[in-house]
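Chemist: This structure is in structure tokens; I'll ask about it shortly.
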Amino acid sequence: GTGLNGTRSGSGIYSWGEKLLPAARYGYTPNDYFETGHVYTNAVTVSGGTDKNQTYFSAASVNSDGIIPNNEYDRYNFTFRNTSYFLKDKLRLDASASYIYQKDQNMTNQGVYSNPLVPAYLFPRGENFDLYRRFERYNEGTKLMEQFWSTDMEGGDLRMQNPYWINYRNLRNTDKKRYMLSFSASYDILPWLNVAGRVRLDNSNSLYTQKLYASSNTTITDGGKNGHYTEARAYDTQTYADLMVNINKTFGEDWSLNANIGASINNIKTDELSYRGPIQENGLPNVFNVFDLDDTKKRAEKTGWHDQTQSIFASVEVGWKQMLYLTVTGRNDWASQLANSPESSFFYPSVGLSAVISSMADLSKAGISFLKVRASYAEVGNAPQRFITGVNTPLQTGGIVSSDSYAPAVNLTPERTKSFEVGLNAKFLGNKIWTDVTYYNTNTYNQLFSYDAPPSTGYKRAYINAGKVNNWGIEAVVGYKNKWRDFSWSTNVNFSMNRNEVKELVPEGTRDVAGNLVTVDEVNMDYGGYRMKVKKGGSIGDFYVTGLKTDDQGRIYVDPNTNTVTTDPNTWLYGGNTEARFRLGWNNRFSYKGVNLGVLFDARIGGQGVSATQALMDRWGASQDSADARENGGVWISEDQKVPDARVFYANNGNGLSMLSHYVYSMTNVRLRELTLGYDLPSRWFNDKIGMTVSLVGRNLWMLYNKAPFDPEITASTGTYYQGLDYFMQPSARTIGFSVRLQF
């Protein structure tokens with residue numbers, strides 16, 4: 001729709017005007033907004049020493065700027081390590097220190113507020129975008145440089161601003177300094193008995209600031225006309241220590257024993273203090289400090305927590321004739337998150353058995369050079385979130401907020417996962433062909449849910465342990481490698497699949513804090529017209545969307561008088577599941593006289609996702625689909641139903657989350673993930689004193705198949721929910737890199 005004129009309508013500028021002649025078109029597309037990103041990586045390592053002492057030092061840097069203007073990331077790493085041996089090599093001391101400094105600017109996730117992609121994508125195609133590249137103009141009245149942007153382009157609830165103003169005058173910066181110290185010592189009491197201890201300290205402090213300059217949208221500045229400022233300082237510390245006794249002994253020619261017994265402590269603290277608010281009216285515009293904020297709107301927040309886990313653990317592996325191994329482990333954790341609960345600790349064991357069949361019998365006649373089978377059962381315990389075993393009542397200026405209080409989780413038990421796994425490793429034809437196959441089945445119990453507490457309890461919300469989720473899957477890889485004189489080739493194909501089912505939400509007989517029976521049929525997580533639903537018989541990843549009003553036959557209802565459709569916010573339609581049905585990868589490595597070529601293809605098959613970005617672009621008339629609808633005389637909503645007025649049809653999108661059933665896409669995709677070409681220069685060119693490798697690396701080069709209007713492999717959220725939702729996410733990038741590696 002790049003040739004469509006923009007016309008003002010309501011509170012925004014849309015691309016719904018008459019089609020322009022080619023000579024009158026500006027030809028804007030969002031590609032005109034993006035820049036070419038760059039990443040520069042440099043590293044140097046130095047190591048040396050004797051048989052009694054070795055020293056290692058490395059320094060590395062990453063400097064990058066993204067495809068969005070004024071988005072930057074820099075990181076600098078320094079590491080020093082020294083290893084020494086004493087007392088006839090019985091005592092080994094290992095000390096290391098690392099320092100990391102990183103800073104980032106304007107990291108963009110997704111959503112609409114303060115996201116420059118929203119105005120960049122929705123900018124009317126018939127307008128001149130170049131006029132707004134100079135994003136600020138001097139205002140003689142205020143004596144300030146102010147945002148240059150039409151108020152008509154704010155887009156109502158979207159609160160759009162000039163994208164370059166967001167880039168350069170809505171600044172978000174994080175500076176983080178992190179240092180890590182580590183020390184370990186081990187002593188060989190006997191040739192087969194060893195005692196070892198480790199201590200690791202990991203501390204960091206960060207400063208986050210957000211500077212919103214005067215003339216920014218007052219919704220995001222909390223009404224402030226002189227600007228808005230946020231400053232947050234966070235301090236994080238982690239101390240880990242363990243002590244272990246290690247046994248590695250053989251008995252005769254047949255038996256071996258490998259055992260580890262120990263204890264550990266993991267101590268984590270975080271502390272954050274933040275101030276945020278608009279600059280006061282009689283203050284200095286665009287002078288950002290916490291002392292110039294409006295006292296009536298300023299917010300100060302103090303957060304922090306302290307977690308500690310104390311553990312004892314043991315592992316024993318018994319081997320017989322290097323062909324049969326039995327492994328048993330056990331661990332008990334005392335987690336501070338379980339304080340004041342009936343179970344202050346949790347124990348989880350595992351047992352595994354593996355057998356090298358090719359050592360037990362001659363399989364060479366069958367072409368098998370190596371065959372190993374394995375099976376294991378394991379349990380894992382996880383502590384719940386902190387602060388829920390006691391009364392939680394928010395505290396604000398003026399007192400407590402009892403209406404938001406949570407009841408203490410008095411019957412809390414740790415989440416537990418029980419898993420079973422079997423697999424095999426095999427090699428054929430003199431190790432030229434190999435395979436690794438694994439089947440797993442896991443059940444997770446005692447997941448944590450919150451629900452509306454009965455009024456008689458005096459609390460608004462309460463927690464219960466409930467739920468049982470089953471996961472099973474297969475992971476397999478098969479490979480081949482061979483060499484013909486100077487030419488070698490290795491290839492492998494990997495396959496993975498996972499299925500999950502919610503077996504149970506709340507077991508019968510579960511009671512709440514007041515002793516009443518609790519029944520929960522489903523748990524919903526809503527994001528506008530997008531809903532993740534967890535219910536018995538369903539799967540994690542199931543999502544539902546709002547759609548159009550239907551008739552008694554389930555067909556989309558078209559009003560015969562107005563020839564339009566309407567959305568039905570009370571009807572949720574099953575959209576699909578965001579998880580892939582299975583994944584495939586094909587990796588190839590070729591080598592010939594120092595030339596190395598690598599080719600990696602991968603595929604995701606199945607899974608559905610939703611694009612609210614496409615919905616809003618359709619509503620604004622800024623998409624190719626909306627242009628095609630105008631060319632075709634309307635929008636086909638079924639094989640025999642058509643809405644003639646495309647603009648009226650797409651207006652049902654509202655804020656982009658109102659008609660999402662129309663924007664569910666398959667996330668199946670196939671791509672050339674990586675292509676590498678390298679050359680090892682002959683060392684004789686450098687008198688055998690230098691080794692040099694030059695490489696060309698390309699990633700995400702070619703999308704062979706993808707029907708979704710976004711990259712399905714970009715993660716919308718790192719949590720369990722809200723996967724597969726594209727809401728103005730950054731597009732994926734094709735990268736081409738060059739590297740030089742020197743060895744002295």
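Lettering and numbering for the structure tokens are positional, with chains as A, B, ... in the shown order, residues counted from 1 in each chain, and ligands counted from 1 in the shown order.
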Compile the contact shell of stretch 311-323 of chain A as a PyMOL selection string: residues with an atom at most 6 Å away, counting only C-alpha atoms, same-chain residues fewer than 6 positions apart removed.

Modeler: chain A and resi 254-264+329-333+355-356+359

Chemist: Show which residues sit within 8 Å of A:Arg75, as a PyMOL selection string. Count only C-alpha atoms, and ignore same-chain residues fewer than 2 positions away.

Modeler: chain A and resi 61-63+73+77+100-103

Chemist: Produce a file of the selected residues containing N, CA and C atoms, as a CSV table (one decimal), in the first residue's frame.

Modeler:
chain,number,residue,atom,x,y,z
A,61,SER,N,35.8,-7.3,23.9
A,61,SER,CA,34.8,-6.2,23.8
A,61,SER,C,33.8,-6.5,22.7
A,62,VAL,N,32.6,-6.0,22.9
A,62,VAL,CA,31.5,-6.1,21.9
A,62,VAL,C,30.9,-4.7,21.9
A,63,ASN,N,30.9,-4.1,20.7
A,63,ASN,CA,30.4,-2.8,20.4
A,63,ASN,C,29.4,-2.9,19.3
A,73,TYR,N,24.7,-1.0,22.2
A,73,TYR,CA,25.0,-1.9,23.2
A,73,TYR,C,26.5,-2.1,23.2
A,77,ASN,N,34.9,-7.2,28.7
A,77,ASN,CA,35.1,-8.3,29.7
A,77,ASN,C,36.6,-8.4,29.9
A,100,ILE,N,33.2,-7.1,34.3
A,100,ILE,CA,32.4,-6.9,33.1
A,100,ILE,C,31.7,-5.5,33.2
A,101,TYR,N,31.9,-4.7,32.2
A,101,TYR,CA,31.2,-3.4,32.2
A,101,TYR,C,30.3,-3.4,30.9
A,102,GLN,N,29.1,-3.2,31.1
A,102,GLN,CA,28.2,-3.1,29.9
A,102,GLN,C,27.2,-1.9,30.0
A,103,LYS,N,26.9,-1.4,28.9
A,103,LYS,CA,25.9,-0.3,28.8
A,103,LYS,C,25.1,-0.5,27.6

Chemist: Name all residues at most 7 Å from A:Gln310 (count only C-alpha atoms; drop same-chain ones fewer than 2 positions away) and give them as a short mmCIF file (atom, residue, chain, number, x, y, z; two decimals) with N, CA, C and O atoms, in the first residue's frame.

Modeler:
data_model
loop_
_atom_site.label_atom_id
_atom_site.label_comp_id
_atom_site.auth_asym_id
_atom_site.auth_seq_id
_atom_site.Cartn_x
_atom_site.Cartn_y
_atom_site.Cartn_z
N SER A 264 26.44 -27.42 50.19
CA SER A 264 26.61 -26.12 49.54
C SER A 264 25.67 -25.10 50.15
O SER A 264 24.68 -25.45 50.81
N ILE A 265 25.98 -23.85 49.91
CA ILE A 265 25.12 -22.75 50.30
C ILE A 265 25.11 -21.73 49.17
O ILE A 265 26.16 -21.44 48.57
N ASN A 266 23.93 -21.24 48.85
CA ASN A 266 23.77 -20.24 47.80
C ASN A 266 22.99 -19.08 48.38
O ASN A 266 21.84 -19.23 48.81
N GLN A 308 18.10 -17.67 50.25
CA GLN A 308 19.22 -18.53 50.62
C GLN A 308 18.78 -19.99 50.51
O GLN A 308 17.69 -20.35 50.98
N ASP A 333 17.36 -29.77 49.71
CA ASP A 333 17.50 -28.31 49.75
C ASP A 333 16.63 -27.72 50.85
O ASP A 333 15.47 -28.12 51.02
N TRP A 334 17.21 -26.79 51.60
CA TRP A 334 16.46 -25.96 52.54
C TRP A 334 16.40 -24.56 51.93
O TRP A 334 17.42 -23.86 51.87
N ALA A 335 15.23 -24.16 51.43
CA ALA A 335 15.09 -22.89 50.71
C ALA A 335 14.35 -21.88 51.57
O ALA A 335 13.33 -22.21 52.21
#

Chemist: Quick one: everything within 7 Å of A:Thr79, counting only C-alpha atoms, minus sequence neighbours fewer than 3 positions away in the same chain. Send it as JSON, numbers by chain.

Modeler: {"A": [57, 58, 59, 97, 98, 99]}

Chemist: Export, as a compact mmCIF listing (two decimals), in the first residue's frame, the selected residues with N, CA and C atoms.

Modeler:
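Below is the file result-v9.txt, written as the result:
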# COMPACT_ATOMS: atom_id res chain seq x y z
N PHE A 57 44.99 -14.86 30.85
CA PHE A 57 44.37 -13.54 30.85
C PHE A 57 43.64 -13.34 29.52
N SER A 58 42.46 -12.73 29.61
CA SER A 58 41.73 -12.42 28.38
C SER A 58 41.04 -11.07 28.52
N ALA A 59 40.91 -10.40 27.40
CA ALA A 59 40.17 -9.15 27.31
C ALA A 59 39.33 -9.19 26.05
N ALA A 97 39.46 -13.97 38.57
CA ALA A 97 38.73 -12.71 38.77
C ALA A 97 38.26 -12.22 37.41
N SER A 98 37.03 -11.74 37.36
CA SER A 98 36.46 -11.21 36.12
C SER A 98 35.77 -9.89 36.40
N TYR A 99 35.88 -9.00 35.44
CA TYR A 99 35.19 -7.72 35.53
C TYR A 99 34.47 -7.48 34.20

Chemist: Can you tell me, as a list in words, what residues are no more than 12 Å from A:Val46 when counting only C-alpha atoms, ignoring any on the same chain fewer than 4 positions away?

Modeler: Gln54, Thr55, Tyr56, Phe57, Ser58, Ala59, Ala60, Phe78, Thr79, Phe80, Arg81, Asn82, Leu742, Gln743 and Phe744 of chain A

Chemist: Considering only C-alpha atoms, return as a VMD selection string whatever protein or nucleic-acid residues lie within 7 Å of stretch 610-619 of chain A, sequence-local ones (same chain, fewer than 4 positions apart) excluded.

Modeler: chain A and resid 122 623 625 to 626 647 650 to 651 653 655 to 657 660 663 to 665 724 to 728

Chemist: Just list the residues in stretch 30-94 of chain A DSSP gives strand (DSSP E or B) on the backbone, as an MDAnalysis selection string.

Modeler: chainID A and resid 38:49 53:65 72:86 91:94

Chemist: Restricting the calculation to only C-alpha atoms, which member of A:Val534, A:Val502, A:Ile279, A:Leu201 is positioned closest to A:Thr221?

Modeler: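 With only C-alpha atoms as the atom set, the closest residue is A:Ile279.
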
Chemist: Which polymer residues have any atom within 8 Å of an atom of A:Asp680, counting only C-alpha atoms, with same-chain residues fewer than 5 positions away left out, as an mmCIF file with N, CA, C and O atoms, in the first residue's frame?

Modeler:
data_model
loop_
_atom_site.group_PDB
_atom_site.id
_atom_site.type_symbol
_atom_site.label_atom_id
_atom_site.label_comp_id
_atom_site.auth_asym_id
_atom_site.auth_seq_id
_atom_site.Cartn_x
_atom_site.Cartn_y
_atom_site.Cartn_z
ATOM 1 N N GLY A 594 42.416 -26.703 4.002
ATOM 2 C CA GLY A 594 42.335 -25.469 4.778
ATOM 3 C C GLY A 594 41.106 -24.639 4.535
ATOM 4 O O GLY A 594 40.859 -23.665 5.257
ATOM 5 N N VAL A 595 40.324 -24.987 3.531
ATOM 6 C CA VAL A 595 39.071 -24.273 3.264
ATOM 7 C C VAL A 595 37.933 -25.012 3.975
ATOM 8 O O VAL A 595 37.776 -26.230 3.806
ATOM 9 N N GLY A 691 49.511 -18.701 13.331
ATOM 10 C CA GLY A 691 48.385 -19.368 12.701
ATOM 11 C C GLY A 691 47.287 -18.356 12.452
ATOM 12 O O GLY A 691 46.930 -17.587 13.343
ATOM 13 N N MET A 692 46.771 -18.324 11.247
ATOM 14 C CA MET A 692 45.792 -17.300 10.891
ATOM 15 C C MET A 692 44.605 -17.942 10.182
ATOM 16 O O MET A 692 44.768 -18.734 9.252
ATOM 17 N N THR A 693 43.398 -17.596 10.637
ATOM 18 C CA THR A 693 42.166 -18.082 10.020
ATOM 19 C C THR A 693 41.275 -16.888 9.710
ATOM 20 O O THR A 693 41.042 -16.038 10.572
ATOM 21 N N VAL A 694 40.804 -16.830 8.486
ATOM 22 C CA VAL A 694 39.859 -15.786 8.095
ATOM 23 C C VAL A 694 38.532 -16.464 7.768
ATOM 24 O O VAL A 694 38.500 -17.554 7.185
#

Chemist: Given the choices A:Gly621, A:Gly698, A:Gly607, A:Gly547, which gets closest to A:Asn669 if the distance is worked out from only C-alpha atoms?

Modeler: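 Smallest separation from A:Asn669 among the options: A:Gly607.
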
Chemist: Which distance in Å separates atom CA of A:Asn652 and atom CA of A:Gly634, to one decimal?

Modeler: 14.5 Å
